[in-house]
>>> print(open('model.txt').read())   # compact mmCIF, C-alpha atoms
# COMPACT_ATOMS: atom_id res chain seq x y z
CA MET G 1 -5.65 -0.51 7.36
CA GLY G 2 -4.47 0.71 10.77
CA SER G 3 -0.84 0.90 11.82
CA ALA G 4 -1.46 -1.76 14.45
CA THR G 5 -2.66 -4.17 11.78
CA THR G 6 0.37 -3.40 9.58
CA GLN G 7 2.69 -4.34 12.44
CA ALA G 8 0.60 -7.40 13.26
CA ARG G 9 0.79 -8.63 9.64
CA THR G 10 4.57 -8.25 9.66
CA ALA G 11 4.93 -10.11 12.95
CA THR G 12 2.64 -12.90 11.78
CA ALA G 13 4.60 -13.32 8.53
CA GLU G 14 7.84 -13.47 10.53
CA ALA G 15 6.33 -16.15 12.76
CA LEU G 16 5.47 -18.18 9.67
CA ALA G 17 9.03 -17.84 8.34
CA SER G 18 10.44 -19.23 11.58
CA THR G 19 7.96 -22.11 11.91
CA SER G 20 9.04 -25.55 10.70
CA GLY G 21 6.79 -28.28 9.36
CA VAL G 22 4.46 -25.98 7.44
CA ASP G 23 2.78 -28.07 4.74
CA LEU G 24 -0.53 -28.08 2.91
CA ASP G 25 -2.26 -29.76 5.86
CA VAL G 26 -1.23 -26.84 8.07
CA ALA G 27 -2.41 -24.38 5.40
CA ARG G 28 -5.71 -26.27 5.15
CA GLU G 29 -6.19 -26.04 8.92
CA LEU G 30 -5.44 -22.31 8.83
CA PHE G 31 -8.12 -21.79 6.20
CA ALA G 32 -10.53 -23.83 8.32
CA ALA G 33 -9.68 -21.60 11.29
CA VAL G 34 -10.49 -18.55 9.15
CA GLY G 35 -13.93 -20.02 8.54
CA ALA G 36 -14.46 -20.73 12.23
CA VAL G 37 -13.31 -17.30 13.38
CA SER G 38 -15.12 -15.33 10.68
CA GLY G 39 -18.31 -17.27 11.42
CA SER G 40 -18.33 -16.25 15.09
CA ALA G 41 -18.36 -12.57 16.02
CA GLN G 42 -17.79 -13.59 19.64
CA LEU G 43 -14.67 -15.62 18.82
CA SER G 44 -13.17 -13.08 16.41
CA GLY G 45 -13.84 -10.29 18.88
CA ALA G 46 -12.26 -12.13 21.80
CA LEU G 47 -9.15 -13.12 19.84
CA SER G 48 -8.57 -9.60 18.50
CA ASP G 49 -9.43 -7.67 21.67
CA SER G 50 -6.25 -5.83 22.61
CA SER G 51 -7.60 -5.18 26.12
CA VAL G 52 -7.40 -8.92 26.78
CA PRO G 53 -3.88 -10.03 27.83
CA PRO G 54 -1.99 -11.88 25.06
CA ALA G 55 -1.61 -14.93 27.31
CA ALA G 56 -5.39 -15.14 27.69
CA ARG G 57 -5.87 -14.92 23.92
CA ALA G 58 -3.27 -17.67 23.49
CA GLY G 59 -5.19 -19.79 25.98
CA LEU G 60 -8.38 -19.27 23.98
CA VAL G 61 -6.64 -20.40 20.78
CA SER G 62 -5.42 -23.52 22.58
CA GLY G 63 -8.86 -24.24 23.99
CA VAL G 64 -10.64 -23.86 20.65
CA PHE G 65 -8.12 -25.37 18.25
CA GLY G 66 -5.50 -27.21 20.30
CA ALA G 67 -7.21 -30.59 20.45
CA SER G 68 -7.83 -30.99 16.71
CA TYR G 69 -5.14 -28.95 14.95
CA ARG G 70 -1.45 -29.61 14.43
CA PRO G 71 1.03 -27.96 16.80
CA ALA G 72 2.44 -25.82 13.95
CA THR G 73 -1.04 -24.57 13.11
CA VAL G 74 -1.85 -23.77 16.73
CA ALA G 75 1.48 -21.96 17.12
CA LEU G 76 0.76 -19.78 14.09
CA LEU G 77 -2.78 -19.02 15.23
CA THR G 78 -1.45 -18.18 18.68
CA SER G 79 1.12 -15.80 17.23
CA ALA G 80 -1.57 -14.04 15.19
CA ALA G 81 -3.94 -13.79 18.15
CA GLN G 82 -1.26 -12.30 20.39
CA GLN G 83 -0.69 -9.38 18.01
CA ARG G 84 -2.55 -6.09 18.23
CA TRP G 85 -5.08 -5.64 15.39
CA SER G 86 -6.97 -2.46 14.59
CA THR G 87 -10.31 -4.28 14.17
CA SER G 88 -11.66 -7.81 14.40
CA ALA G 89 -12.34 -7.75 10.64
CA GLU G 90 -8.67 -6.99 9.96
CA PHE G 91 -7.72 -9.82 12.30
CA VAL G 92 -9.79 -12.21 10.18
CA GLU G 93 -8.17 -10.85 7.02
CA GLY G 94 -4.78 -11.31 8.67
CA LEU G 95 -5.56 -14.96 9.37
CA GLU G 96 -6.64 -15.41 5.76
CA GLU G 97 -3.41 -13.83 4.54
CA LEU G 98 -1.48 -16.16 6.85
CA ALA G 99 -3.25 -19.16 5.31
CA VAL G 100 -2.39 -17.99 1.78
CA LEU G 101 1.23 -17.41 2.79
CA ALA G 102 1.44 -20.85 4.39
CA THR G 103 0.15 -22.40 1.18
CA SER G 104 2.82 -20.55 -0.79
CA VAL G 105 5.50 -21.82 1.59
CA ALA G 106 4.25 -25.40 1.33
CA GLU G 107 3.67 -25.51 -2.44
CA ASP G 108 6.52 -25.35 -4.96
CA ALA G 109 4.44 -24.20 -7.91
CA ASP G 110 3.76 -21.02 -9.87
CA ILE G 111 0.72 -20.14 -7.78
CA GLU G 112 0.62 -16.54 -9.01
CA ALA G 113 0.26 -17.62 -12.63
CA GLU G 114 -2.34 -20.26 -11.75
CA LEU G 115 -4.41 -17.77 -9.77
CA PHE G 116 -4.23 -15.29 -12.63
CA SER G 117 -5.25 -17.93 -15.16
CA PHE G 118 -8.27 -18.93 -13.10
CA SER G 119 -9.17 -15.27 -12.59
CA ARG G 120 -9.23 -14.79 -16.36
CA THR G 121 -11.45 -17.87 -16.69
CA VAL G 122 -13.88 -16.40 -14.18
CA ALA G 123 -13.80 -13.00 -15.88
CA SER G 124 -14.71 -14.53 -19.24
CA ASN G 125 -17.56 -16.67 -17.90
CA GLY G 126 -20.41 -14.77 -16.27
CA GLU G 127 -22.24 -17.93 -15.25
CA LEU G 128 -19.16 -19.27 -13.48
CA GLU G 129 -18.57 -15.98 -11.69
CA LEU G 130 -22.18 -15.96 -10.51
CA ALA G 131 -21.98 -19.60 -9.41
CA LEU G 132 -18.86 -18.93 -7.35
CA GLY G 133 -19.62 -15.44 -6.10
CA GLY G 134 -23.38 -15.33 -5.75
CA ARG G 135 -24.83 -14.91 -2.28
CA LEU G 136 -27.08 -17.89 -2.87
CA GLY G 137 -25.81 -21.45 -2.98
CA ASP G 138 -24.02 -23.75 -0.58
CA ALA G 139 -20.44 -22.70 0.28
CA SER G 140 -19.10 -26.24 0.25
CA ALA G 141 -20.65 -26.81 -3.18
CA LYS G 142 -18.77 -23.77 -4.47
CA GLY G 143 -15.54 -25.18 -3.09
CA ALA G 144 -16.25 -28.54 -4.69
CA LEU G 145 -16.88 -26.83 -8.03
CA VAL G 146 -13.49 -25.11 -7.83
CA SER G 147 -11.76 -28.39 -6.99
CA LYS G 148 -13.41 -30.03 -9.99
CA LEU G 149 -12.47 -27.19 -12.35
CA LEU G 150 -8.85 -27.09 -11.21
CA ASP G 151 -8.27 -30.83 -10.93
CA GLY G 152 -5.29 -31.61 -13.14
CA ARG G 153 -5.06 -27.98 -14.28
CA ALA G 154 -3.46 -26.35 -11.24
CA SER G 155 -1.43 -27.29 -8.19
CA ALA G 156 -3.03 -28.54 -5.00
CA GLY G 157 -2.00 -25.30 -3.31
CA THR G 158 -3.79 -23.11 -5.83
CA ALA G 159 -6.90 -25.29 -5.60
CA LEU G 160 -6.80 -24.98 -1.81
CA ILE G 161 -6.52 -21.18 -1.93
CA VAL G 162 -9.29 -20.68 -4.47
CA SER G 163 -11.74 -23.16 -2.96
CA SER G 164 -11.18 -21.76 0.54
CA LEU G 165 -11.65 -18.17 -0.59
CA VAL G 166 -14.90 -18.82 -2.43
CA GLU G 167 -16.25 -20.83 0.50
CA HIS G 168 -15.57 -17.90 2.85
CA ALA G 169 -16.01 -14.94 0.52
CA ARG G 170 -17.74 -12.78 3.15
CA GLY G 171 -19.49 -10.75 0.45
CA ARG G 172 -16.34 -10.04 -1.56
CA ARG G 173 -16.16 -10.46 -5.35
CA VAL G 174 -14.37 -13.57 -6.58
CA ARG G 175 -11.98 -11.72 -8.87
CA ALA G 176 -11.02 -9.34 -6.06
CA LEU G 177 -10.27 -12.32 -3.82
CA LEU G 178 -8.07 -13.90 -6.48
CA ARG G 179 -6.18 -10.66 -7.15
CA ARG G 180 -5.52 -10.22 -3.44
CA ALA G 181 -4.26 -13.78 -3.08
CA GLU G 182 -2.05 -13.36 -6.14
CA ARG G 183 -0.56 -10.17 -4.68
CA ILE G 184 0.07 -11.85 -1.30
CA VAL G 185 1.94 -14.75 -2.90
CA ALA G 186 3.96 -12.44 -5.15
CA GLU G 187 5.01 -10.26 -2.22
CA GLN G 188 5.96 -13.32 -0.18
CA ARG G 189 8.16 -14.52 -3.03
CA ALA G 190 9.64 -11.04 -3.46
CA ARG G 191 8.10 -10.54 -6.87
CA ILE G 192 6.08 -7.82 -8.55
CA VAL G 193 3.14 -8.84 -10.71
CA ALA G 194 2.72 -6.93 -13.96
CA THR G 195 -0.42 -7.39 -16.04
CA VAL G 196 0.40 -6.87 -19.71
CA PHE G 197 -2.37 -6.07 -22.19
CA ALA G 198 -1.34 -6.81 -25.77
CA ALA G 199 -3.13 -7.34 -29.07
CA THR G 200 -1.16 -10.55 -29.72
CA PRO G 201 0.85 -12.94 -27.52
CA LEU G 202 4.42 -11.91 -26.68
CA ASN G 203 7.23 -14.17 -27.83
CA ALA G 204 9.96 -15.33 -25.44
CA ASP G 205 12.37 -12.55 -26.42
CA GLN G 206 9.73 -9.84 -25.96
CA GLN G 207 8.77 -11.23 -22.55
CA SER G 208 12.40 -11.34 -21.46
CA ARG G 209 13.11 -7.77 -22.56
CA LEU G 210 9.94 -6.48 -20.90
CA GLN G 211 10.70 -8.30 -17.65
CA ASN G 212 14.23 -6.89 -17.59
CA ALA G 213 12.96 -3.36 -18.22
CA LEU G 214 10.31 -3.60 -15.51
CA SER G 215 12.74 -5.20 -13.04
CA ALA G 216 15.13 -2.30 -13.59
CA ARG G 217 12.30 0.21 -13.10
CA TYR G 218 10.84 -1.34 -9.94
CA GLY G 219 13.98 -2.89 -8.46
CA SER G 220 12.51 -6.35 -8.05
CA ALA G 221 11.84 -9.55 -9.96
CA VAL G 222 8.72 -9.26 -12.10
CA THR G 223 6.12 -11.85 -13.04
CA LEU G 224 4.25 -11.14 -16.29
CA ASN G 225 0.58 -11.98 -16.71
CA THR G 226 -0.51 -11.38 -20.30
CA VAL G 227 -4.05 -10.49 -21.36
CA ILE G 228 -4.85 -10.55 -25.07
CA ASP G 229 -6.86 -7.41 -25.79
CA PRO G 230 -7.55 -6.46 -29.44
CA THR G 231 -8.46 -2.90 -28.39
CA VAL G 232 -4.82 -2.23 -27.55
CA VAL G 233 -4.12 -1.91 -31.32
CA GLY G 234 -0.40 -2.56 -31.24
CA GLY G 235 2.11 -1.81 -28.53
CA LEU G 236 1.48 -2.66 -24.89
CA ARG G 237 -0.34 -1.48 -21.81
CA VAL G 238 1.27 -2.57 -18.57
CA GLN G 239 -0.28 -2.30 -15.12
CA VAL G 240 1.69 -2.77 -11.90
CA ALA G 241 -0.62 -2.19 -8.94
CA ASP G 242 -1.95 1.35 -9.55
CA ASP G 243 0.85 2.27 -11.96
CA VAL G 244 -0.16 2.11 -15.64
CA ILE G 245 2.34 2.32 -18.51
CA ASP G 246 0.44 2.75 -21.76
CA ALA G 247 2.58 2.45 -24.88
CA SER G 248 -0.22 1.25 -27.14
CA VAL G 249 -1.08 2.70 -30.52
CA SER G 250 -4.64 3.33 -29.31
CA ALA G 251 -3.32 5.46 -26.43
CA ARG G 252 -1.12 7.48 -28.74
CA LEU G 253 -4.06 8.05 -31.11
CA ALA G 254 -6.27 9.13 -28.23
CA ASP G 255 -3.58 11.55 -27.08
CA LEU G 256 -3.24 12.93 -30.60
CA ARG G 257 -7.01 13.47 -30.84
CA GLN G 258 -6.97 15.37 -27.56
CA ARG G 259 -4.13 17.57 -28.76
CA ILE G 260 -5.97 18.35 -32.01
CA ALA G 261 -9.22 19.04 -30.19
CA GLY G 262 -7.45 21.22 -27.63
>>> encode(input="model.txt", output="structure tokens")
Amino acid sequence: MGSATTQARTATAEALASTSGVDLDVARELFAAVGAVSGSAQLSGALSDSSVPPAARAGLVSGVFGASYRPATVALLTSAAQQRWSTSAEFVEGLEELAVLATSVAEDADIEAELFSFSRTVASNGELELALGGRLGDASAKGALVSKLLDGRASAGTALIVSSLVEHARGRRVRALLRRAERIVAEQRARIVATVFAATPLNADQQSRLQNALSARYGSAVTLNTVIDPTVVGGLRVQVADDVIDASVSARLADLRQRIAG
């Protein structure tokens, strides 16, 4: 990711924070705009072309989306288009991130946990992962399948994020899309997501002590996502982004075998 895109993402997030009236309808329109922009190389190129004056790009946003989208949506799209992006692809990803963030702002639910839960469902069901992530099949049908699976099991915001992502996957794997969305929401809510691999479920006291320890280590609130993995053989393996803390019995045994062999 280029430095221009990093600055553009920050500016776009700040614009969202200062925009009033952001609800799920606005988030839904933002996701629809992602589909429109990603589906047109001409449109994505024009909106992300830094050689075009920002006012002209704002005019293009108004001309394409102004008549049918809410003022808050148009204002957010305009803010994104007026930033400098390293590539048109990163501009599209920036719009998608904006849509996820808007959903998080509009929805008072534990979206991170719901995204993680659905990700685990996909990971454990090869047929479902193929149905949602395969290159064949109608995009709207994939979105409808997600809505059906999550109806009554997750918030409307989570259903919107997942269905929108699978409809506009752009060749990306479903689980990668869900992990990215989970990370975006966690960062927006100033949390760190820790995936905990354990042989058995953690009780409330164990979860609390682990959260406190990780919060002290990383200096931020921590959300725990637990994966039951019999291969851990006692203890825990914790992953925070690329950082892995392995305190499992299996890891200690493997280390001991290496020491003996060495």
>>> residues_around(input="model.txt", residues="range 100-114 of chain G", least_positions_apart="6", cutoff="6 Å", atoms="all atoms listed in the file", output="list in words")
Asp23, Leu24, Ala27, Gly157, Thr158 and Glu182 of chain G
>>> residues_around(input="model.txt", residues="range 164-176 of chain G", least_positions_apart="5", cutoff="12 Å", atoms="all atoms listed in the file", output="ChimeraX atom specification")
/G:27-39,89,92-93,96-97,99-100,103,115-126,128-147,156-159,181-183
>>> closest_residue(input="model.txt", among="G:Asp25, G:Ala198, G:Arg9, G:Ala204", to="Ser248 in chain G", atoms="only C-alpha atoms")
G:Ala198
>>> atom_distance(input="model.txt", atom1="CA of Ala190 in chain G", atom2="CA of Val222 in chain G")
8.9 Å
>>> atom_distance(input="model.txt", atom1="CA of Phe65 in chain G", atom2="CA of Val162 in chain G")
23.2 Å
>>> atom_distance(input="model.txt", atom1="CA of Phe91 in chain G", atom2="CA of Thr19 in chain G")
19.9 Å
>>> residues_around(input="model.txt", residues="Thr200 in chain G", least_positions_apart="5", cutoff="12 Å", atoms="all atoms listed in the file", output="number ranges by chain")
G: 206, 226-236
>>> residues_around(input="model.txt", residues="Val64 in chain G", least_positions_apart="3", cutoff="10 Å", atoms="all atoms listed in the file", output="VMD selection string")
chain G and resid 33 36 43 59 to 61 67 to 69 74
>>> residues_around(input="model.txt", residues="Trp85 in chain G", least_positions_apart="6", cutoff="10 Å", atoms="only C-alpha atoms", output="PyMOL selection string")
chain G and resi 1-9+47-50+91-92+94
>>> write_last_selection(input="model.txt", atoms="C-alpha atoms", output="mmCIF file, in the coordinates of the input")
data_model
loop_
_atom_site.group_PDB
_atom_site.id
_atom_site.type_symbol
_atom_site.label_atom_id
_atom_site.label_comp_id
_atom_site.auth_asym_id
_atom_site.auth_seq_id
_atom_site.Cartn_x
_atom_site.Cartn_y
_atom_site.Cartn_z
ATOM 1 C CA MET G 1 -5.650 -0.510 7.360
ATOM 2 C CA GLY G 2 -4.470 0.710 10.770
ATOM 3 C CA SER G 3 -0.840 0.900 11.820
ATOM 4 C CA ALA G 4 -1.460 -1.760 14.450
ATOM 5 C CA THR G 5 -2.660 -4.170 11.780
ATOM 6 C CA THR G 6 0.370 -3.400 9.580
ATOM 7 C CA GLN G 7 2.690 -4.340 12.440
ATOM 8 C CA ALA G 8 0.600 -7.400 13.260
ATOM 9 C CA ARG G 9 0.790 -8.630 9.640
ATOM 10 C CA LEU G 47 -9.150 -13.120 19.840
ATOM 11 C CA SER G 48 -8.570 -9.600 18.500
ATOM 12 C CA ASP G 49 -9.430 -7.670 21.670
ATOM 13 C CA SER G 50 -6.250 -5.830 22.610
ATOM 14 C CA PHE G 91 -7.720 -9.820 12.300
ATOM 15 C CA VAL G 92 -9.790 -12.210 10.180
ATOM 16 C CA GLY G 94 -4.780 -11.310 8.670
#
>>> axis_aligned_box(input="model.txt", around="range 117-122 of chain G", padding_each_side="8 Å", output="JSON")
{"center_x": -9.6, "center_y": -16.9, "center_z": -14.6, "size_x": 24.6, "size_y": 20.1, "size_z": 20.1}
>>> residues_near_point(input="model.txt", point="(-0.4, -1.2, -17.2)", cutoff="12 Å", atoms="all atoms listed in the file", output="MDAnalysis selection string")
chainID G and resid 193:198 214 224:227 232 235:248 251
>>> closest_residue(input="model.txt", among="G:Val26, G:Ala15, G:Ser20, G:Thr78", to="Leu160 in chain G", atoms="only C-alpha atoms")
G:Val26
